[in-house]
$ cat run-v7.csv   # CSV, C-alpha atoms
chain,number,residue,atom,x,y,z
A,1,MET,CA,44.8,-28.9,-5.6
A,2,SER,CA,41.5,-30.5,-6.5
A,3,HIS,CA,38.8,-28.3,-7.9
A,4,ASN,CA,35.7,-30.4,-7.2
A,5,LYS,CA,33.5,-27.9,-5.3
A,6,HIS,CA,31.2,-27.3,-8.3
A,7,SER,CA,29.5,-29.6,-10.8
A,8,TRP,CA,30.7,-29.4,-14.4
A,9,ARG,CA,30.7,-31.7,-17.4
A,10,TYR,CA,33.2,-32.2,-20.2
A,11,ALA,CA,30.9,-34.2,-22.5
A,12,ARG,CA,27.3,-34.9,-23.2
A,13,PRO,CA,26.1,-38.0,-21.3
A,14,GLY,CA,25.9,-41.1,-23.5
A,15,PRO,CA,27.9,-44.1,-24.6
A,16,ASN,CA,30.3,-42.1,-26.9
A,17,HIS,CA,31.1,-39.4,-24.2
A,18,VAL,CA,32.4,-37.0,-26.8
A,19,ALA,CA,33.6,-33.5,-25.7
A,20,ASP,CA,30.7,-31.0,-26.2
A,21,GLU,CA,31.3,-27.3,-26.3
A,22,TRP,CA,27.6,-26.5,-25.5
A,23,VAL,CA,27.7,-28.7,-22.4
A,24,GLN,CA,30.9,-27.1,-21.3
A,25,ARG,CA,29.6,-23.6,-21.7
A,26,GLU,CA,26.4,-24.4,-19.8
A,27,THR,CA,28.1,-26.2,-16.9
A,28,TRP,CA,31.4,-24.3,-16.6
A,29,GLY,CA,30.5,-20.6,-16.9
A,30,SER,CA,28.4,-20.0,-13.8
A,31,SER,CA,30.9,-21.5,-11.3
A,32,PHE,CA,34.1,-20.9,-13.3
A,33,PRO,CA,33.7,-17.6,-15.2
A,34,THR,CA,37.3,-17.6,-16.4
A,35,CYS,CA,36.4,-20.5,-18.6
A,36,ILE,CA,34.0,-18.2,-20.6
A,37,ASN,CA,35.5,-14.7,-20.0
A,38,GLY,CA,39.2,-15.5,-19.9
A,39,ILE,CA,41.6,-13.9,-22.4
A,40,GLU,CA,44.2,-16.7,-22.6
A,41,GLN,CA,41.9,-19.7,-22.8
A,42,SER,CA,43.0,-23.1,-24.2
A,43,PRO,CA,42.6,-25.1,-26.3
A,44,ILE,CA,43.4,-23.1,-29.4
A,45,ASN,CA,43.5,-23.5,-33.2
A,46,ILE,CA,47.1,-22.9,-34.3
A,47,VAL,CA,47.0,-21.1,-37.7
A,48,THR,CA,50.5,-21.9,-38.9
A,49,GLY,CA,50.5,-19.0,-41.4
A,50,GLU,CA,50.1,-16.6,-38.5
A,51,ALA,CA,52.6,-18.2,-36.1
A,52,ILE,CA,55.5,-15.8,-35.3
A,53,PRO,CA,58.8,-17.5,-36.1
A,54,MET,CA,61.6,-17.2,-33.6
A,55,LYS,CA,65.3,-17.3,-34.4
A,56,SER,CA,65.9,-19.8,-31.6
A,57,LEU,CA,63.5,-21.6,-29.3
A,58,PRO,CA,64.5,-22.6,-25.7
A,59,GLU,CA,65.6,-26.2,-25.7
A,60,ILE,CA,63.4,-28.8,-24.1
A,61,SER,CA,65.0,-31.8,-22.3
A,62,THR,CA,63.1,-34.3,-20.2
A,63,ASP,CA,63.9,-36.9,-17.6
A,64,ILE,CA,60.8,-38.8,-16.6
A,65,ASP,CA,61.0,-41.4,-13.8
A,66,ALA,CA,57.6,-42.9,-13.6
A,67,ALA,CA,56.2,-46.5,-13.5
A,68,PRO,CA,52.4,-46.2,-13.7
A,69,HIS,CA,50.3,-49.2,-12.7
A,70,TYR,CA,46.9,-47.6,-12.9
A,71,VAL,CA,44.8,-46.2,-15.7
A,72,SER,CA,41.6,-44.2,-15.4
A,73,ASN,CA,38.9,-42.6,-17.4
A,74,THR,CA,38.7,-39.2,-15.9
A,75,GLY,CA,35.6,-38.1,-17.8
A,76,SER,CA,37.7,-35.6,-19.8
A,77,GLY,CA,40.5,-38.0,-20.8
A,78,PHE,CA,42.6,-41.1,-20.0
A,79,GLN,CA,45.2,-40.7,-17.3
A,80,LEU,CA,48.1,-42.8,-16.0
A,81,PHE,CA,48.8,-43.1,-12.2
A,82,GLU,CA,51.7,-44.7,-10.3
A,83,THR,CA,49.4,-45.6,-7.4
A,84,THR,CA,45.7,-45.8,-6.9
A,85,PRO,CA,44.4,-42.3,-7.8
A,86,THR,CA,42.5,-41.6,-4.6
A,87,GLU,CA,43.4,-38.0,-4.8
A,88,SER,CA,41.4,-37.6,-8.0
A,89,MET,CA,38.0,-36.6,-6.7
A,90,ILE,CA,34.7,-37.1,-8.4
A,91,ALA,CA,32.4,-34.1,-9.1
A,92,ASN,CA,29.0,-35.0,-10.5
A,93,GLY,CA,30.3,-38.3,-12.0
A,94,THR,CA,33.4,-36.7,-13.5
A,95,PHE,CA,37.0,-37.2,-12.3
A,96,ILE,CA,39.1,-34.1,-11.7
A,97,ASP,CA,42.6,-34.0,-13.1
A,98,THR,CA,45.0,-32.9,-10.4
A,99,ILE,CA,48.8,-32.6,-10.1
A,100,GLU,CA,48.9,-33.6,-6.4
A,101,GLY,CA,51.5,-35.9,-5.0
A,102,SER,CA,55.2,-36.1,-5.7
A,103,SER,CA,56.8,-35.3,-9.0
A,104,LYS,CA,57.7,-38.1,-11.4
A,105,GLY,CA,60.6,-36.5,-13.0
A,106,GLU,CA,61.5,-33.2,-14.6
A,107,SER,CA,61.8,-31.2,-17.8
A,108,TRP,CA,64.1,-28.3,-18.5
A,109,VAL,CA,62.9,-25.5,-20.7
A,110,GLY,CA,65.4,-22.8,-21.5
A,111,GLY,CA,67.3,-23.3,-18.3
A,112,GLN,CA,64.2,-23.5,-16.1
A,113,LYS,CA,63.3,-26.7,-14.2
A,114,PHE,CA,59.8,-27.9,-14.3
A,115,LEU,CA,58.6,-30.9,-12.3
A,116,PHE,CA,56.6,-33.6,-14.1
A,117,TYR,CA,53.4,-34.7,-12.3
A,118,GLN,CA,51.1,-36.5,-14.7
A,119,MET,CA,50.3,-37.5,-18.2
A,120,HIS,CA,46.9,-37.9,-19.8
A,121,TRP,CA,45.3,-38.1,-23.3
A,122,HIS,CA,42.3,-36.5,-24.9
A,123,THR,CA,40.4,-38.0,-27.9
A,124,PRO,CA,39.9,-36.3,-30.2
A,125,SER,CA,42.6,-33.7,-29.7
A,126,GLU,CA,41.7,-30.5,-27.9
A,127,ASN,CA,44.0,-28.3,-29.8
A,128,MET,CA,43.9,-28.1,-33.5
A,129,ILE,CA,46.3,-27.0,-36.3
A,130,ASP,CA,44.9,-25.0,-39.2
A,131,GLY,CA,41.4,-26.2,-38.3
A,132,ARG,CA,42.4,-29.8,-38.2
A,133,SER,CA,41.7,-32.1,-35.3
A,134,PHE,CA,43.8,-35.1,-34.5
A,135,PRO,CA,42.7,-38.5,-33.2
A,136,LEU,CA,44.6,-38.2,-30.0
A,137,GLU,CA,46.5,-35.6,-27.9
A,138,ALA,CA,48.8,-36.3,-25.0
A,139,HIS,CA,49.5,-33.7,-22.2
A,140,PHE,CA,52.6,-33.9,-20.0
A,141,VAL,CA,51.7,-31.7,-17.1
A,142,HIS,CA,54.5,-29.9,-15.3
A,143,GLN,CA,54.9,-27.1,-12.7
A,144,LEU,CA,57.9,-24.8,-12.2
A,145,ASP,CA,60.2,-26.1,-9.5
A,146,ASP,CA,59.4,-23.7,-6.7
A,147,PRO,CA,58.3,-24.8,-3.2
A,148,MET,CA,56.0,-21.8,-3.0
A,149,LEU,CA,54.0,-23.1,-5.9
A,150,VAL,CA,53.2,-26.5,-4.4
A,151,GLY,CA,49.5,-27.0,-3.9
A,152,THR,CA,48.6,-24.3,-6.4
A,153,LEU,CA,47.8,-24.2,-10.1
A,154,HIS,CA,50.3,-21.5,-10.9
A,155,ARG,CA,53.3,-21.6,-13.3
A,156,LEU,CA,52.1,-24.8,-15.0
A,157,ALA,CA,53.6,-26.0,-18.2
A,158,VAL,CA,52.1,-28.5,-20.6
A,159,ILE,CA,54.0,-30.4,-23.3
A,160,SER,CA,51.5,-31.4,-25.9
A,161,LEU,CA,52.0,-34.3,-28.4
A,162,LEU,CA,49.6,-35.0,-31.3
A,163,TYR,CA,48.9,-38.4,-32.8
A,164,GLU,CA,48.3,-39.1,-36.5
A,165,PRO,CA,45.8,-41.8,-37.6
A,166,GLY,CA,47.3,-45.2,-37.8
A,167,PRO,CA,47.9,-48.4,-35.8
A,168,CYS,CA,48.5,-48.1,-32.0
A,169,ASN,CA,52.2,-47.3,-31.4
A,170,ALA,CA,54.4,-49.3,-29.1
A,171,PHE,CA,54.1,-47.0,-26.1
A,172,LEU,CA,50.3,-46.9,-26.1
A,173,ASP,CA,50.1,-50.6,-26.9
A,174,GLN,CA,51.4,-51.4,-23.4
A,175,PHE,CA,48.2,-50.2,-21.7
A,176,TRP,CA,45.6,-48.9,-24.2
A,177,GLU,CA,43.4,-51.9,-23.9
A,178,GLU,CA,43.3,-51.5,-20.1
A,179,PHE,CA,41.7,-48.0,-20.2
A,180,PRO,CA,38.1,-48.3,-18.9
A,181,MET,CA,35.5,-46.9,-21.3
A,182,VAL,CA,33.2,-45.7,-18.4
A,183,PRO,CA,34.0,-42.3,-16.9
A,184,GLY,CA,35.0,-42.5,-13.3
A,185,PHE,CA,36.5,-46.0,-13.5
A,186,ARG,CA,40.1,-47.0,-13.0
A,187,GLN,CA,42.0,-50.2,-13.8
A,188,HIS,CA,45.2,-51.8,-12.4
A,189,PHE,CA,47.6,-53.5,-14.7
A,190,ALA,CA,50.4,-55.5,-13.1
A,191,ASP,CA,53.1,-55.0,-15.7
A,192,GLY,CA,53.0,-51.2,-15.5
A,193,VAL,CA,54.5,-48.8,-18.0
A,194,ASN,CA,58.3,-48.8,-18.1
A,195,ASP,CA,58.9,-47.1,-21.5
A,196,PHE,CA,58.8,-43.4,-20.4
A,197,GLU,CA,62.5,-43.1,-21.0
A,198,ARG,CA,62.0,-44.0,-24.6
A,199,LEU,CA,59.1,-41.6,-25.0
A,200,ALA,CA,61.2,-38.8,-23.5
A,201,ASP,CA,64.3,-39.6,-25.5
A,202,GLU,CA,62.6,-40.0,-28.9
A,203,VAL,CA,59.7,-37.6,-28.6
A,204,ILE,CA,60.0,-34.8,-26.0
A,205,ASN,CA,63.8,-34.4,-26.3
A,206,ILE,CA,63.1,-32.9,-29.7
A,207,ASP,CA,65.5,-32.4,-32.6
A,208,GLU,CA,66.2,-28.7,-33.3
A,209,GLY,CA,64.8,-29.1,-36.8
A,210,GLU,CA,61.3,-30.0,-35.6
A,211,GLY,CA,60.7,-27.5,-32.8
A,212,TYR,CA,57.4,-26.7,-31.2
A,213,PHE,CA,54.6,-24.1,-31.0
A,214,TYR,CA,54.5,-22.0,-27.8
A,215,TRP,CA,51.7,-19.9,-26.4
A,216,HIS,CA,50.4,-18.6,-23.1
A,217,GLY,CA,47.2,-20.4,-22.4
A,218,SER,CA,45.1,-22.0,-19.6
A,219,LEU,CA,44.0,-25.3,-18.2
A,220,THR,CA,41.5,-26.9,-20.6
A,221,THR,CA,39.1,-27.9,-17.8
A,222,PRO,CA,37.7,-26.0,-14.8
A,223,PRO,CA,38.9,-23.8,-13.2
A,224,CYS,CA,40.5,-22.9,-16.6
A,225,THR,CA,43.4,-21.2,-14.7
A,226,GLU,CA,45.4,-19.0,-17.1
A,227,GLY,CA,49.1,-18.4,-17.2
A,228,VAL,CA,49.9,-22.0,-18.4
A,229,GLY,CA,52.8,-22.3,-20.8
A,230,TRP,CA,52.0,-24.6,-23.7
A,231,TYR,CA,54.6,-26.4,-25.8
A,232,MET,CA,53.0,-28.3,-28.7
A,233,LEU,CA,55.6,-30.5,-30.3
A,234,LYS,CA,55.8,-30.4,-34.1
A,235,HIS,CA,56.8,-34.0,-34.0
A,236,ARG,CA,53.8,-36.3,-34.1
A,237,GLU,CA,53.4,-39.9,-33.2

$ encode --input "run-v7.csv" --output "structure tokens"
Amino acid sequence: MSHNKHSWRYARPGPNHVADEWVQRETWGSSFPTCINGIEQSPINIVTGEAIPMKSLPEISTDIDAAPHYVSNTGSGFQLFETTPTESMIANGTFIDTIEGSSKGESWVGGQKFLFYQMHWHTPSENMIDGRSFPLEAHFVHQLDDPMLVGTLHRLAVISLLYEPGPCNAFLDQFWEEFPMVPGFRQHFADGVNDFERLADEVINIDEGEGYFYWHGSLTTPPCTEGVGWYMLKHRE
């Protein structure tokens, strides 16, 4: 499921390695025209005053069974892996996020089962609310539980969690210092992450009163495949 056949960049080269829209347009469009010409492209700016309220939202419940021991700087974010991430290929110095390998748990959305594959963070956030960017955004990447979809980028679902400014929280504190700052590098940490159950129980298994924003969008990096279901939690860490 890798998409490393073409060179593309997420950020301008340099020590800060900050996402750069100009660099993306210059290096994505020729090889991945959907990134420029698509009609359901993510990330987005959610204008809360224009969001269409629903009487009831499909319930989200999550059971994540992962114990990552590797962290990597993918060039577009920071990602956790259970084993050495040899399936994340490098294209022009940039790691490619994939959802290859076995699932690490599951989420249920309105009676549909989605298999959980990986979790990564972007800083600053890719999506915005009312024009406001956040220091950090987590993406829990899933795919509909259907054998016919394995190996494709179809019927993906991303649960998004935004972080407010403040001290590092208990979950991130387990491994945040281990993340390499240089794109393309990975780091092993012996203790691993064993707190996914708490994260699922307290964050993703959301209370009815908080809810989430939903939209049809896309992958936020090439090939920018559309048809991705986005669930941005109103709860923030």

$ closest_residue --input "run-v7.csv" --among "A:Leu233, A:Ala19, A:Leu80, A:Leu136" --to "Tyr117 (chain A)" --atoms "only C-alpha atoms"
A:Leu80

$ residues_around --input "run-v7.csv" --residues "Val228 (chain A)" --least-positions-apart "5" --cutoff "12 Å" --atoms "all atoms listed in the file" --output "PyMOL selection string"
chain A and resi 40-43+141-144+153-159+214-220

$ atom_distance --input "run-v7.csv" --atom1 "CA of Pro223 (chain A)" --atom2 "CA of Gln24 (chain A)"
11.9 Å

$ atom_distance --input "run-v7.csv" --atom1 "CA of Ile39 (chain A)" --atom2 "CA of Ile60 (chain A)"
26.5 Å

$ atom_distance --input "run-v7.csv" --atom1 "CA of Tyr212 (chain A)" --atom2 "CA of Leu57 (chain A)"
8.2 Å

$ closest_residue --input "run-v7.csv" --among "A:Ala51, A:Pro183, A:Lys104, A:Ile46" --to "Arg132 (chain A)" --atoms "all atoms listed in the file"
A:Ile46

$ closest_residue --input "run-v7.csv" --among "A:Pro124, A:Asn169, A:Pro68, A:Trp8" --to "Ser30 (chain A)" --atoms "only C-alpha atoms"
A:Trp8

$ residues_near_point --input "run-v7.csv" --point "(41.2, -30.8, -29.5)" --cutoff "12 Å" --atoms "all atoms listed in the file" --output "JSON, numbers by chain"
{"A": [18, 19, 20, 21, 42, 43, 44, 45, 46, 76, 77, 121, 122, 123, 124, 125, 126, 127, 128, 129, 130, 131, 132, 133, 134, 135, 136, 137, 138, 139, 160, 161, 162, 163, 220]}

$ write_last_selection --input "run-v7.csv" --atoms "C-alpha atoms" --output "mmCIF file, in the frame of the given file"
data_model
loop_
_atom_site.group_PDB
_atom_site.id
_atom_site.type_symbol
_atom_site.label_atom_id
_atom_site.label_comp_id
_atom_site.auth_asym_id
_atom_site.auth_seq_id
_atom_site.Cartn_x
_atom_site.Cartn_y
_atom_site.Cartn_z
ATOM 1 C CA VAL A 18 32.400 -37.000 -26.800
ATOM 2 C CA ALA A 19 33.600 -33.500 -25.700
ATOM 3 C CA ASP A 20 30.700 -31.000 -26.200
ATOM 4 C CA GLU A 21 31.300 -27.300 -26.300
ATOM 5 C CA SER A 42 43.000 -23.100 -24.200
ATOM 6 C CA PRO A 43 42.600 -25.100 -26.300
ATOM 7 C CA ILE A 44 43.400 -23.100 -29.400
ATOM 8 C CA ASN A 45 43.500 -23.500 -33.200
ATOM 9 C CA ILE A 46 47.100 -22.900 -34.300
ATOM 10 C CA SER A 76 37.700 -35.600 -19.800
ATOM 11 C CA GLY A 77 40.500 -38.000 -20.800
ATOM 12 C CA TRP A 121 45.300 -38.100 -23.300
ATOM 13 C CA HIS A 122 42.300 -36.500 -24.900
ATOM 14 C CA THR A 123 40.400 -38.000 -27.900
ATOM 15 C CA PRO A 124 39.900 -36.300 -30.200
ATOM 16 C CA SER A 125 42.600 -33.700 -29.700
ATOM 17 C CA GLU A 126 41.700 -30.500 -27.900
ATOM 18 C CA ASN A 127 44.000 -28.300 -29.800
ATOM 19 C CA MET A 128 43.900 -28.100 -33.500
ATOM 20 C CA ILE A 129 46.300 -27.000 -36.300
ATOM 21 C CA ASP A 130 44.900 -25.000 -39.200
ATOM 22 C CA GLY A 131 41.400 -26.200 -38.300
ATOM 23 C CA ARG A 132 42.400 -29.800 -38.200
ATOM 24 C CA SER A 133 41.700 -32.100 -35.300
ATOM 25 C CA PHE A 134 43.800 -35.100 -34.500
ATOM 26 C CA PRO A 135 42.700 -38.500 -33.200
ATOM 27 C CA LEU A 136 44.600 -38.200 -30.000
ATOM 28 C CA GLU A 137 46.500 -35.600 -27.900
ATOM 29 C CA ALA A 138 48.800 -36.300 -25.000
ATOM 30 C CA HIS A 139 49.500 -33.700 -22.200
ATOM 31 C CA SER A 160 51.500 -31.400 -25.900
ATOM 32 C CA LEU A 161 52.000 -34.300 -28.400
ATOM 33 C CA LEU A 162 49.600 -35.000 -31.300
ATOM 34 C CA TYR A 163 48.900 -38.400 -32.800
ATOM 35 C CA THR A 220 41.500 -26.900 -20.600
#

$ closest_residue --input "run-v7.csv" --among "A:Cys224, A:Met148, A:Leu172, A:Leu115" --to "Ile36 (chain A)" --atoms "all atoms listed in the file"
A:Cys224

$ closest_residue --input "run-v7.csv" --among "A:Glu237, A:Cys35, A:Trp230, A:Met119" --to "Cys168 (chain A)" --atoms "all atoms listed in the file"
A:Glu237

$ closest_residue --input "run-v7.csv" --among "A:Ala11, A:Val109, A:Val71, A:Val47" --to "Val23 (chain A)" --atoms "all atoms listed in the file"
A:Ala11

$ build_atoms --input "run-v7.csv" --residues "region 19-30 of chain A" --atoms "all heavy atoms" --output "mmCIF file, in the frame of the given file"
data_model
loop_
_atom_site.group_PDB
_atom_site.id
_atom_site.type_symbol
_atom_site.label_atom_id
_atom_site.label_comp_id
_atom_site.auth_asym_id
_atom_site.auth_seq_id
_atom_site.Cartn_x
_atom_site.Cartn_y
_atom_site.Cartn_z
ATOM 1 N N ALA A 19 33.532 -34.879 -26.229
ATOM 2 C CA ALA A 19 33.600 -33.500 -25.700
ATOM 3 C C ALA A 19 32.534 -32.661 -26.446
ATOM 4 O O ALA A 19 32.341 -32.764 -27.658
ATOM 5 C CB ALA A 19 34.973 -32.933 -25.966
ATOM 6 N N ASP A 20 31.852 -31.821 -25.668
ATOM 7 C CA ASP A 20 30.700 -31.000 -26.200
ATOM 8 C C ASP A 20 30.867 -29.599 -25.736
ATOM 9 O O ASP A 20 30.762 -29.326 -24.539
ATOM 10 C CB ASP A 20 29.417 -31.659 -25.757
ATOM 11 C CG ASP A 20 28.212 -31.040 -26.454
ATOM 12 O OD1 ASP A 20 27.943 -29.848 -26.199
ATOM 13 O OD2 ASP A 20 27.555 -31.740 -27.241
ATOM 14 N N GLU A 21 31.068 -28.677 -26.676
ATOM 15 C CA GLU A 21 31.300 -27.300 -26.300
ATOM 16 C C GLU A 21 30.039 -26.674 -25.649
ATOM 17 O O GLU A 21 30.150 -25.886 -24.716
ATOM 18 C CB GLU A 21 31.637 -26.471 -27.568
ATOM 19 C CG GLU A 21 31.960 -25.012 -27.274
ATOM 20 C CD GLU A 21 32.401 -24.245 -28.503
ATOM 21 O OE1 GLU A 21 32.546 -24.867 -29.582
ATOM 22 O OE2 GLU A 21 32.593 -23.020 -28.393
ATOM 23 N N TRP A 22 28.845 -27.047 -26.112
ATOM 24 C CA TRP A 22 27.600 -26.500 -25.500
ATOM 25 C C TRP A 22 27.504 -26.935 -24.063
ATOM 26 O O TRP A 22 27.190 -26.124 -23.178
ATOM 27 C CB TRP A 22 26.403 -26.962 -26.303
ATOM 28 C CG TRP A 22 25.124 -26.358 -25.788
ATOM 29 C CD1 TRP A 22 24.569 -25.151 -26.131
ATOM 30 C CD2 TRP A 22 24.250 -26.931 -24.795
ATOM 31 N NE1 TRP A 22 23.403 -24.934 -25.430
ATOM 32 C CE2 TRP A 22 23.181 -26.016 -24.596
ATOM 33 C CE3 TRP A 22 24.261 -28.111 -24.068
ATOM 34 C CZ2 TRP A 22 22.145 -26.260 -23.698
ATOM 35 C CZ3 TRP A 22 23.229 -28.351 -23.166
ATOM 36 C CH2 TRP A 22 22.194 -27.439 -22.991
ATOM 37 N N VAL A 23 27.747 -28.213 -23.787
ATOM 38 C CA VAL A 23 27.700 -28.700 -22.400
ATOM 39 C C VAL A 23 28.698 -27.994 -21.539
ATOM 40 O O VAL A 23 28.404 -27.619 -20.393
ATOM 41 C CB VAL A 23 27.922 -30.242 -22.389
ATOM 42 C CG1 VAL A 23 28.111 -30.737 -20.958
ATOM 43 C CG2 VAL A 23 26.765 -30.974 -23.041
ATOM 44 N N GLN A 24 29.871 -27.785 -22.061
ATOM 45 C CA GLN A 24 30.900 -27.100 -21.300
ATOM 46 C C GLN A 24 30.495 -25.664 -20.952
ATOM 47 O O GLN A 24 30.636 -25.218 -19.812
ATOM 48 C CB GLN A 24 32.226 -27.135 -22.058
ATOM 49 C CG GLN A 24 32.805 -28.532 -22.208
ATOM 50 C CD GLN A 24 33.986 -28.593 -23.141
ATOM 51 O OE1 GLN A 24 34.484 -27.571 -23.604
ATOM 52 N NE2 GLN A 24 34.446 -29.799 -23.455
ATOM 53 N N ARG A 25 29.993 -24.946 -21.934
ATOM 54 C CA ARG A 25 29.600 -23.600 -21.700
ATOM 55 C C ARG A 25 28.456 -23.501 -20.664
ATOM 56 O O ARG A 25 28.403 -22.616 -19.804
ATOM 57 C CB ARG A 25 29.177 -22.866 -22.980
ATOM 58 C CG ARG A 25 30.312 -22.647 -23.966
ATOM 59 C CD ARG A 25 29.851 -21.791 -25.130
ATOM 60 N NE ARG A 25 29.543 -20.432 -24.716
ATOM 61 C CZ ARG A 25 30.422 -19.444 -24.645
ATOM 62 N NH1 ARG A 25 31.687 -19.661 -24.938
ATOM 63 N NH2 ARG A 25 30.045 -18.239 -24.261
ATOM 64 N N GLU A 26 27.529 -24.454 -20.742
ATOM 65 C CA GLU A 26 26.400 -24.400 -19.800
ATOM 66 C C GLU A 26 26.744 -24.811 -18.415
ATOM 67 O O GLU A 26 26.115 -24.347 -17.469
ATOM 68 C CB GLU A 26 25.310 -25.415 -20.375
ATOM 69 C CG GLU A 26 24.597 -24.926 -21.609
ATOM 70 C CD GLU A 26 23.759 -23.688 -21.334
ATOM 71 O OE1 GLU A 26 22.933 -23.720 -20.405
ATOM 72 O OE2 GLU A 26 23.944 -22.674 -22.042
ATOM 73 N N THR A 27 27.750 -25.683 -18.226
ATOM 74 C CA THR A 27 28.100 -26.200 -16.900
ATOM 75 C C THR A 27 29.324 -25.575 -16.285
ATOM 76 O O THR A 27 29.585 -25.770 -15.100
ATOM 77 C CB THR A 27 28.192 -27.719 -16.896
ATOM 78 O OG1 THR A 27 29.296 -28.106 -17.741
ATOM 79 C CG2 THR A 27 26.923 -28.368 -17.409
ATOM 80 N N TRP A 28 30.115 -24.868 -17.083
ATOM 81 C CA TRP A 28 31.400 -24.300 -16.600
ATOM 82 C C TRP A 28 31.194 -22.820 -16.175
ATOM 83 O O TRP A 28 31.758 -22.352 -15.199
ATOM 84 C CB TRP A 28 32.486 -24.396 -17.579
ATOM 85 C CG TRP A 28 32.897 -25.775 -17.947
ATOM 86 C CD1 TRP A 28 32.286 -26.946 -17.594
ATOM 87 C CD2 TRP A 28 34.014 -26.145 -18.759
ATOM 88 N NE1 TRP A 28 32.953 -28.017 -18.136
ATOM 89 C CE2 TRP A 28 34.016 -27.561 -18.858
ATOM 90 C CE3 TRP A 28 35.008 -25.422 -19.415
ATOM 91 C CZ2 TRP A 28 34.984 -28.257 -19.580
ATOM 92 C CZ3 TRP A 28 35.967 -26.111 -20.143
ATOM 93 C CH2 TRP A 28 35.952 -27.509 -20.218
ATOM 94 N N GLY A 29 30.442 -22.069 -16.989
ATOM 95 C CA GLY A 29 30.500 -20.600 -16.900
ATOM 96 C C GLY A 29 30.023 -20.041 -15.562
ATOM 97 O O GLY A 29 30.632 -19.094 -15.061
ATOM 98 N N SER A 30 28.962 -20.580 -14.970
ATOM 99 C CA SER A 30 28.400 -20.000 -13.800
ATOM 100 C C SER A 30 29.366 -20.110 -12.566
ATOM 101 O O SER A 30 29.495 -19.200 -11.748
ATOM 102 C CB SER A 30 27.059 -20.597 -13.423
ATOM 103 O OG SER A 30 27.191 -21.998 -13.232
#
